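Enquirer: For reference, this is model32.cif, and it has mmCIF, C-alpha atoms and all ligand atoms.
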data_model
loop_
_atom_site.label_atom_id
_atom_site.label_comp_id
_atom_site.auth_asym_id
_atom_site.auth_seq_id
_atom_site.Cartn_x
_atom_site.Cartn_y
_atom_site.Cartn_z
CA MET Z 1090 122.80 -0.44 -244.57
CA ARG Z 1091 119.62 -1.18 -242.59
CA ARG Z 1092 121.26 -4.23 -240.97
CA LYS Z 1093 124.35 -2.17 -240.23
CA LYS Z 1094 122.24 0.57 -238.63
CA ALA Z 1095 120.40 -1.97 -236.44
CA HIS Z 1096 123.75 -3.41 -235.32
CA ILE Z 1097 125.21 0.02 -234.51
CA ASP Z 1098 122.02 1.11 -232.71
CA ALA Z 1099 122.18 -2.05 -230.58
CA ARG Z 1100 125.86 -1.38 -229.72
CA ILE Z 1101 125.05 2.22 -228.77
CA GLU Z 1102 122.22 1.00 -226.52
CA GLN Z 1103 124.58 -1.49 -224.84
CA ALA Z 1104 127.19 1.21 -224.07
CA ASN Z 1105 125.31 2.60 -221.10
CA ILE Z 1106 128.17 2.96 -218.60
CA ASP Z 1107 128.92 6.63 -217.97
CA LYS Z 1108 132.39 6.95 -216.50
CA SER Z 1109 135.58 8.88 -216.96
CA VAL Z 1110 138.23 7.34 -219.20
CA ILE Z 1111 141.98 7.09 -219.61
CA ILE Z 1112 143.07 7.57 -223.23
CA LEU Z 1113 146.57 6.42 -224.15
CA LEU Z 1114 148.08 7.57 -227.45
CA THR Z 1115 151.28 5.75 -228.32
CA GLY Z 1116 153.26 4.53 -231.34
CA ASN Z 1117 155.89 6.05 -233.64
CA GLY Z 1118 153.60 7.95 -236.00
CA LYS Z 1119 152.77 11.66 -235.87
CA GLY Z 1120 149.55 12.66 -234.15
CA LYS Z 1121 149.76 11.82 -230.43
CA SER Z 1122 150.19 15.22 -228.78
CA SER Z 1123 148.11 16.97 -231.42
CA SER Z 1124 145.27 14.50 -230.80
CA ALA Z 1125 145.51 15.33 -227.07
CA LEU Z 1126 145.16 18.98 -228.08
CA GLY Z 1127 142.09 18.08 -230.10
CA MET Z 1128 140.46 16.66 -226.97
CA ILE Z 1129 141.43 19.78 -225.03
CA CYS Z 1130 139.56 21.82 -227.69
CA ARG Z 1131 136.52 19.59 -227.30
CA ALA Z 1132 136.58 19.93 -223.53
CA LEU Z 1133 137.05 23.71 -223.76
CA GLY Z 1134 133.90 23.84 -225.88
CA TYR Z 1135 131.98 22.61 -222.83
CA ASN Z 1136 133.78 24.95 -220.41
CA MET Z 1137 135.58 22.06 -218.74
CA GLN Z 1138 138.63 22.70 -216.53
CA ILE Z 1139 141.87 21.32 -217.90
CA ALA Z 1140 145.38 20.67 -216.59
CA VAL Z 1141 148.32 19.78 -218.80
CA VAL Z 1142 151.73 18.48 -217.73
CA LYS Z 1143 154.29 18.48 -220.49
CA PHE Z 1144 157.09 16.08 -219.70
CA LEU Z 1145 160.12 16.43 -222.02
CA LYS Z 1146 159.54 20.06 -222.89
CA GLY Z 1147 161.38 21.03 -226.07
CA VAL Z 1148 163.60 24.10 -226.29
CA GLN Z 1149 161.04 26.32 -228.00
CA ASP Z 1150 157.39 27.09 -227.30
CA THR Z 1151 154.94 25.36 -229.60
CA GLY Z 1152 151.85 26.98 -231.12
CA GLU Z 1153 149.70 25.13 -228.60
CA ASP Z 1154 151.78 26.43 -225.67
CA ILE Z 1155 151.01 29.97 -226.86
CA PHE Z 1156 147.32 29.14 -227.37
CA LEU Z 1157 146.87 27.31 -224.04
CA ALA Z 1158 148.53 30.16 -222.12
CA GLN Z 1159 145.62 32.35 -223.30
CA GLN Z 1160 142.95 29.94 -222.01
CA PRO Z 1161 141.74 30.76 -218.48
CA SER Z 1162 140.37 27.21 -218.09
CA VAL Z 1163 143.74 25.57 -218.77
CA GLN Z 1164 146.70 25.34 -216.40
CA THR Z 1165 149.96 24.01 -217.78
CA THR Z 1166 153.10 22.71 -216.08
CA PHE Z 1167 156.27 22.29 -218.11
CA MET Z 1168 158.98 19.92 -216.97
CA LYS Z 1169 162.03 22.12 -216.64
CA THR Z 1170 164.44 20.31 -218.91
CA GLY Z 1171 165.17 19.71 -222.57
CA PHE Z 1172 165.52 16.33 -224.16
CA THR Z 1173 167.71 14.00 -222.18
CA TRP Z 1174 170.18 13.41 -225.04
CA ASP Z 1175 170.90 17.18 -224.95
CA THR Z 1176 171.33 17.50 -221.22
CA GLN Z 1177 173.05 14.12 -220.63
CA ASP Z 1178 172.37 14.57 -216.94
CA LYS Z 1179 170.17 11.80 -215.61
CA GLU Z 1180 170.23 13.01 -212.02
CA TYR Z 1181 169.04 16.49 -212.97
CA ASP Z 1182 166.39 15.13 -215.37
CA THR Z 1183 165.08 12.77 -212.67
CA LYS Z 1184 164.79 15.66 -210.24
CA MET Z 1185 162.90 17.74 -212.81
CA ALA Z 1186 160.65 14.78 -213.69
CA LEU Z 1187 159.76 14.37 -210.01
CA GLU Z 1188 159.03 18.07 -209.74
CA ALA Z 1189 156.69 17.92 -212.76
CA TRP Z 1190 155.09 14.75 -211.38
CA GLN Z 1191 154.26 16.56 -208.14
CA HIS Z 1192 152.18 19.00 -210.20
CA ALA Z 1193 150.55 16.04 -211.95
CA GLU Z 1194 149.67 14.45 -208.59
CA HIS Z 1195 148.15 17.71 -207.46
CA TYR Z 1196 145.96 17.84 -210.60
CA LEU Z 1197 145.06 14.14 -210.23
CA SER Z 1198 143.66 14.82 -206.77
CA ASN Z 1199 141.86 18.05 -207.67
CA LYS Z 1200 138.12 17.49 -208.11
CA THR Z 1201 137.65 20.78 -209.98
CA ILE Z 1202 139.76 19.52 -212.91
CA ASP Z 1203 137.83 17.58 -215.55
CA LEU Z 1204 140.64 16.60 -217.92
CA VAL Z 1205 144.32 15.99 -217.20
CA VAL Z 1206 146.74 15.64 -220.12
CA LEU Z 1207 150.07 13.97 -219.33
CA ASP Z 1208 152.02 14.67 -222.51
CA GLU Z 1209 155.09 12.46 -223.17
CA LEU Z 1210 154.62 10.66 -219.83
CA THR Z 1211 155.61 7.27 -221.28
CA TYR Z 1212 159.29 8.29 -221.45
CA MET Z 1213 159.38 9.10 -217.73
CA ILE Z 1214 158.49 5.47 -217.05
CA ASN Z 1215 160.71 4.01 -219.77
CA TYR Z 1216 163.77 6.04 -218.65
CA LYS Z 1217 162.94 5.15 -215.02
CA TYR Z 1218 162.73 8.81 -214.04
CA LEU Z 1219 159.40 8.09 -212.33
CA ASP Z 1220 158.02 5.06 -210.56
CA GLU Z 1221 155.41 3.32 -212.69
CA GLN Z 1222 153.38 1.98 -209.77
CA ILE Z 1223 153.08 5.41 -208.16
CA ILE Z 1224 151.73 6.74 -211.47
CA ILE Z 1225 149.24 3.88 -211.88
CA ASN Z 1226 148.02 4.35 -208.28
CA ALA Z 1227 147.52 8.09 -208.78
CA LEU Z 1228 145.58 7.43 -212.01
CA ASN Z 1229 143.38 4.82 -210.34
CA ASN Z 1230 142.68 7.05 -207.31
CA ARG Z 1231 141.81 10.20 -209.28
CA PRO Z 1232 138.41 11.92 -208.87
CA SER Z 1233 135.79 9.67 -210.45
CA HIS Z 1234 134.69 12.14 -213.15
CA GLN Z 1235 138.22 13.11 -214.27
CA HIS Z 1236 139.36 12.12 -217.78
CA ILE Z 1237 143.04 11.47 -218.58
CA VAL Z 1238 144.98 11.64 -221.84
CA ILE Z 1239 148.51 10.21 -221.87
CA THR Z 1240 150.86 10.46 -224.85
CA GLY Z 1241 154.29 9.12 -225.78
CA ARG Z 1242 155.97 6.36 -227.71
CA ALA Z 1243 156.52 2.81 -226.43
CA ALA Z 1244 153.86 2.79 -223.69
CA SER Z 1245 154.53 0.17 -221.04
CA LYS Z 1246 152.23 -2.81 -220.52
CA ALA Z 1247 151.04 -1.50 -217.16
CA LEU Z 1248 149.94 1.79 -218.74
CA ILE Z 1249 148.16 -0.06 -221.55
CA ASP Z 1250 146.39 -2.27 -218.98
CA CYS Z 1251 145.37 0.77 -216.95
CA ALA Z 1252 143.93 2.72 -219.93
CA ASP Z 1253 140.39 2.38 -221.30
CA THR Z 1254 141.27 3.43 -224.86
CA VAL Z 1255 144.67 2.82 -226.44
CA SER Z 1256 145.68 3.94 -229.93
CA ASP Z 1257 148.97 2.84 -231.44
CA ILE Z 1258 149.70 5.47 -234.08
CA LYS Z 1259 151.72 3.83 -236.83
CA ASP Z 1260 154.45 5.65 -238.73
CA ILE Z 1261 153.83 4.98 -242.40
CA LYS Z 1262 155.60 8.10 -243.68
CA HIS Z 1263 156.85 11.35 -242.19
CA ALA Z 1264 157.89 14.42 -244.17
CA PHE Z 1265 161.00 14.81 -241.99
CA LYS Z 1266 162.44 11.63 -243.49
CA ALA Z 1267 162.27 13.34 -246.89
CA ASN Z 1268 164.34 16.19 -245.37
CA ILE Z 1269 161.33 18.51 -245.04
CA LYS Z 1270 161.85 20.83 -242.07
CA ALA Z 1271 159.43 20.79 -239.13
CA GLN Z 1272 156.62 23.18 -240.08
CA LYS Z 1273 155.22 25.95 -237.87
CA GLY Z 1274 151.57 25.33 -237.00
CA ILE Z 1275 151.85 21.68 -238.07
CA ASP Z 1276 154.77 20.16 -236.19
CA PHE Z 1277 155.23 22.76 -233.45
P1 LIG Z 1301 152.44 15.75 -232.83
O1 LIG Z 1301 152.80 16.67 -231.68
O2 LIG Z 1301 152.73 16.41 -234.15
O3 LIG Z 1301 151.08 15.18 -232.70
P2 LIG Z 1301 153.54 13.34 -231.74
O4 LIG Z 1301 153.16 13.80 -230.40
O5 LIG Z 1301 152.81 12.15 -232.28
O6 LIG Z 1301 153.47 14.53 -232.79
P3 LIG Z 1301 156.28 13.16 -230.83
O7 LIG Z 1301 157.05 11.89 -230.79
O8 LIG Z 1301 155.87 13.77 -229.54
O9 LIG Z 1301 155.07 12.95 -231.83
O10 LIG Z 1301 157.17 14.19 -231.64
C1 LIG Z 1301 156.79 15.51 -231.82
C2 LIG Z 1301 157.46 16.11 -233.04
O11 LIG Z 1301 158.14 15.14 -233.81
C3 LIG Z 1301 156.46 16.75 -234.01
O12 LIG Z 1301 157.10 17.85 -234.58
C4 LIG Z 1301 156.21 15.67 -235.02
O13 LIG Z 1301 155.84 16.18 -236.31
C5 LIG Z 1301 157.55 14.99 -235.08
N1 LIG Z 1301 157.34 13.58 -235.37
C6 LIG Z 1301 156.37 12.79 -234.91
N2 LIG Z 1301 156.47 11.55 -235.42
C7 LIG Z 1301 157.55 11.56 -236.23
C8 LIG Z 1301 158.17 10.59 -237.08
N3 LIG Z 1301 157.68 9.36 -237.19
N4 LIG Z 1301 159.28 10.98 -237.79
C9 LIG Z 1301 159.77 12.22 -237.68
N5 LIG Z 1301 159.22 13.19 -236.90
C10 LIG Z 1301 158.13 12.86 -236.19
MG MG Z 1302 154.13 14.28 -228.66
#
Re-express the file's structure as structure tokens.
Expert:
Amino acid sequence: MRRKKAHIDARIEQANIDKSVIILLTGNGKGKSSSALGMICRALGYNMQIAVVKFLKGVQDTGEDIFLAQQPSVQTTFMKTGFTWDTQDKEYDTKMALEAWQHAEHYLSNKTIDLVVLDELTYMINYKYLDEQIIINALNNRPSHQHIVITGRAASKALIDCADTVSDIKDIKHAFKANIKAQKGIDF
């Protein structure tokens, strides 16, 4: 334990770069968007200013949508469409994705915002609704203190390369596969 403590203390001492980070939460397991919400809670604890863009908004409000709407330090933009396999209208979805992205760009150039969450952004790249390079450029040119959290399955290589921290959340089991309905306060 003493050796372990010395090793950890040395690692902590070495980590002396203080900079904003891009966190990417990907993979097929549950916990990506809710982890992003966890970081929003942390940031709110320090009175930080937060912007959230929810790409692929579902049909109903989630518990966090209701909670975030009550937070004066949080501004949220919802992409105005349901899931693409419901709408089956690529042209419309692309237009809505671009509209949501314009809000994201605005947040990514706003120095008063400390944390930007881009929820389900990976799909916009994978479905080619948005241009990957434009996204990467906007992330790289953001205000120097601004943190980013990106969520969504199957993150592209360019996003992984661009991020500082990447977690691949593995699906070992999900209640839904045992026919358990999505639960209020847990899944939405
Ligand atoms: P959460 O918002 O709960 O953190 P997530 O962001 O990791 O989940 P998404 O792919 O965005 O996952 O899907 C959101 C919804 O789908 C949630 O209701 C979640 O419980 C459910 N879900 C997530 N992963 C799985 C899975 N592997 N199988 C079935 N349902 C899932
Ligand atoms: Mg999610």
Enquirer: Mind giving me the straight-line distance from CA of Asp1260 (chain Z) to CA of Ser1123 (chain Z) in Å, one decimal?
Expert: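 Separation between CA of Asp1260 (chain Z) and CA of Ser1123 (chain Z): 14.9 Å.
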Enquirer: Report as CSV: every residue of chain Z with an atom at most 9 Å from ligand LIG 1301 (chain Z), its closest pair of atoms, and their distance in Å to one decimal, counting all atoms listed in the file, with rows sorted by chain and ascending residue number.
Expert:
residue,atom,partner,partner_atom,distance
Z:Leu1114,CA,Z:LIG1301,O5,8.2
Z:Thr1115,CA,Z:LIG1301,O5,7.7
Z:Gly1116,CA,Z:LIG1301,O5,7.7
Z:Asn1117,CA,Z:LIG1301,N3,5.2
Z:Gly1118,CA,Z:LIG1301,N3,4.5
Z:Lys1119,CA,Z:LIG1301,O5,3.6
Z:Gly1120,CA,Z:LIG1301,O3,3.3
Z:Lys1121,CA,Z:LIG1301,O5,3.6
Z:Ser1122,CA,Z:LIG1301,O4,3.7
Z:Ser1123,CA,Z:LIG1301,O3,3.7
Z:Ser1124,CA,Z:LIG1301,O3,6.2
Z:Ala1125,CA,Z:LIG1301,O3,7.9
Z:Leu1126,CA,Z:LIG1301,O3,8.4
Z:Asp1208,CA,Z:LIG1301,O4,8.0
Z:Glu1209,CA,Z:LIG1301,O8,6.5
Z:Thr1240,CA,Z:LIG1301,O4,6.9
Z:Gly1241,CA,Z:LIG1301,O8,6.2
Z:Arg1242,CA,Z:LIG1301,O7,6.4
Z:Ile1258,CA,Z:LIG1301,O5,7.6
Z:Lys1259,CA,Z:LIG1301,N3,8.1
Z:Asp1260,CA,Z:LIG1301,N3,5.2
Z:Ile1261,CA,Z:LIG1301,N3,7.8
Z:Lys1262,CA,Z:LIG1301,N3,6.9
Z:His1263,CA,Z:LIG1301,N4,5.0
Z:Ala1264,CA,Z:LIG1301,C9,7.1
Z:Phe1265,CA,Z:LIG1301,C9,5.2
Z:Lys1266,CA,Z:LIG1301,C9,6.4
Z:Ala1271,CA,Z:LIG1301,O12,5.9
Z:Gln1272,CA,Z:LIG1301,O12,7.7
Z:Lys1273,CA,Z:LIG1301,O12,8.9
Z:Ile1275,CA,Z:LIG1301,O2,6.6
Z:Asp1276,CA,Z:LIG1301,O12,3.7
Z:Phe1277,CA,Z:LIG1301,O12,5.4
Enquirer: Just C-alpha atoms for this one: save the residues we selected as a short mmCIF file (atom, residue, chain, number, x, y, z; two decimals), keeping the file's coordinate frame.
Expert:
data_model
loop_
_atom_site.label_atom_id
_atom_site.label_comp_id
_atom_site.auth_asym_id
_atom_site.auth_seq_id
_atom_site.Cartn_x
_atom_site.Cartn_y
_atom_site.Cartn_z
CA LEU Z 1114 148.08 7.57 -227.45
CA THR Z 1115 151.28 5.75 -228.32
CA GLY Z 1116 153.26 4.53 -231.34
CA ASN Z 1117 155.89 6.05 -233.64
CA GLY Z 1118 153.60 7.95 -236.00
CA LYS Z 1119 152.77 11.66 -235.87
CA GLY Z 1120 149.55 12.66 -234.15
CA LYS Z 1121 149.76 11.82 -230.43
CA SER Z 1122 150.19 15.22 -228.78
CA SER Z 1123 148.11 16.97 -231.42
CA SER Z 1124 145.27 14.50 -230.80
CA ALA Z 1125 145.51 15.33 -227.07
CA LEU Z 1126 145.16 18.98 -228.08
CA ASP Z 1208 152.02 14.67 -222.51
CA GLU Z 1209 155.09 12.46 -223.17
CA THR Z 1240 150.86 10.46 -224.85
CA GLY Z 1241 154.29 9.12 -225.78
CA ARG Z 1242 155.97 6.36 -227.71
CA ILE Z 1258 149.70 5.47 -234.08
CA LYS Z 1259 151.72 3.83 -236.83
CA ASP Z 1260 154.45 5.65 -238.73
CA ILE Z 1261 153.83 4.98 -242.40
CA LYS Z 1262 155.60 8.10 -243.68
CA HIS Z 1263 156.85 11.35 -242.19
CA ALA Z 1264 157.89 14.42 -244.17
CA PHE Z 1265 161.00 14.81 -241.99
CA LYS Z 1266 162.44 11.63 -243.49
CA ALA Z 1271 159.43 20.79 -239.13
CA GLN Z 1272 156.62 23.18 -240.08
CA LYS Z 1273 155.22 25.95 -237.87
CA ILE Z 1275 151.85 21.68 -238.07
CA ASP Z 1276 154.77 20.16 -236.19
CA PHE Z 1277 155.23 22.76 -233.45
#
Enquirer: Do a neighbour search on Tyr1196 (chain Z) at 9 Å with only C-alpha atoms, toss out local chain neighbours closer than 4 positions, and write the hits as number ranges by chain.
Expert: Z: 1140-1141, 1191-1192, 1200-1202, 1205, 1231
Enquirer: Considering only C-alpha atoms, can you say which of Z:Ala1193, Z:Ile1237, Z:Ile1129, Z:Ala1186 comes closest to Tyr1216 (chain Z)?
Expert: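 Among the listed residues, the smallest separation from Tyr1216 (chain Z) belongs to Z:Ala1186.
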Enquirer: Would you kindly return, as a PyMOL selection string, each protein, DNA or RNA residue with an atom no farther than 10 Å from any atom of Glu1188 (chain Z), considering all atoms listed in the file and excluding same-chain residues fewer than 5 positions away?
Expert: chain Z and resi 1166-1169+1182-1183+1193
Enquirer: Which distance in Å separates CA of Asn1105 (chain Z) and CA of Leu1207 (chain Z), to one decimal?
Expert: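 These atoms are spaced 27.3 Å apart.
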Enquirer: Of the residues Z:Ala1095, Z:Asp1257, Z:Glu1153, Z:Met1185, which is the one nearest to Leu1219 (chain Z), using all atoms listed in the file?
Expert: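 Looking at the shortest contact to Leu1219 (chain Z), the residue is Z:Met1185.
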Enquirer: Distance cut-off 10 Å, centre (140.5, 6.2, -214.9) in file coordinates, counting all atoms listed in the file: which residues qualify? Return them as a VMD selection string.
Expert: chain Z and resid 1108 to 1112 1225 1227 to 1238 1251 to 1253
Enquirer: For ligand MG 1302 (chain Z), which of Z:Val1148, Z:Ile1239, Z:Thr1165, Z:Glu1102 is the closest residue, counting all atoms listed in the file?
Expert: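 When distances to ligand MG 1302 (chain Z) are compared using all atoms listed in the file, the smallest one comes from Z:Ile1239.
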Enquirer: Nearest to Tyr1135 (chain Z) among Z:Leu1248, Z:Leu1204, Z:Met1213, Z:Ile1097, with distances taken over all atoms listed in the file: which residue is it?
Expert: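 Residue with the minimum atom-to-atom distance to Tyr1135 (chain Z): Z:Leu1204.
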Enquirer: In Å, how far is it from CA of Gly1127 (chain Z) to CA of Asp1150 (chain Z)?
Expert: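 Interatomic distance here is 18.0 Å.
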Enquirer: Given only C-alpha atoms as the basis, pick out the residue of Z:Lys1217, Z:Ile1224, Z:Thr1211, Z:Cys1130 nearest to Lys1179 (chain Z).
Expert: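 Answer, going by the shortest atom-to-atom distance: Z:Lys1217.
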Enquirer: Write out as a list in words each polymer residue whose atoms come within 12 Å of Asn1226 (chain Z), counting only C-alpha atoms; drop sequence neighbours fewer than 6 positions from it.
Expert: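 Residues near the query, excluding close chain neighbours: Glu1194, Leu1197, Ser1198, Asp1220, Ala1247, Leu1248 and Cys1251 of chain Z.
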Enquirer: Restricting the calculation to all atoms listed in the file, which member of Z:Val1255, Z:Ala1189, Z:Ala1158, Z:Val1142 is positioned closest to ligand MG 1302 (chain Z)?
Expert: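 Using all atoms listed in the file, the shortest distance to ligand MG 1302 (chain Z) belongs to Z:Val1142.
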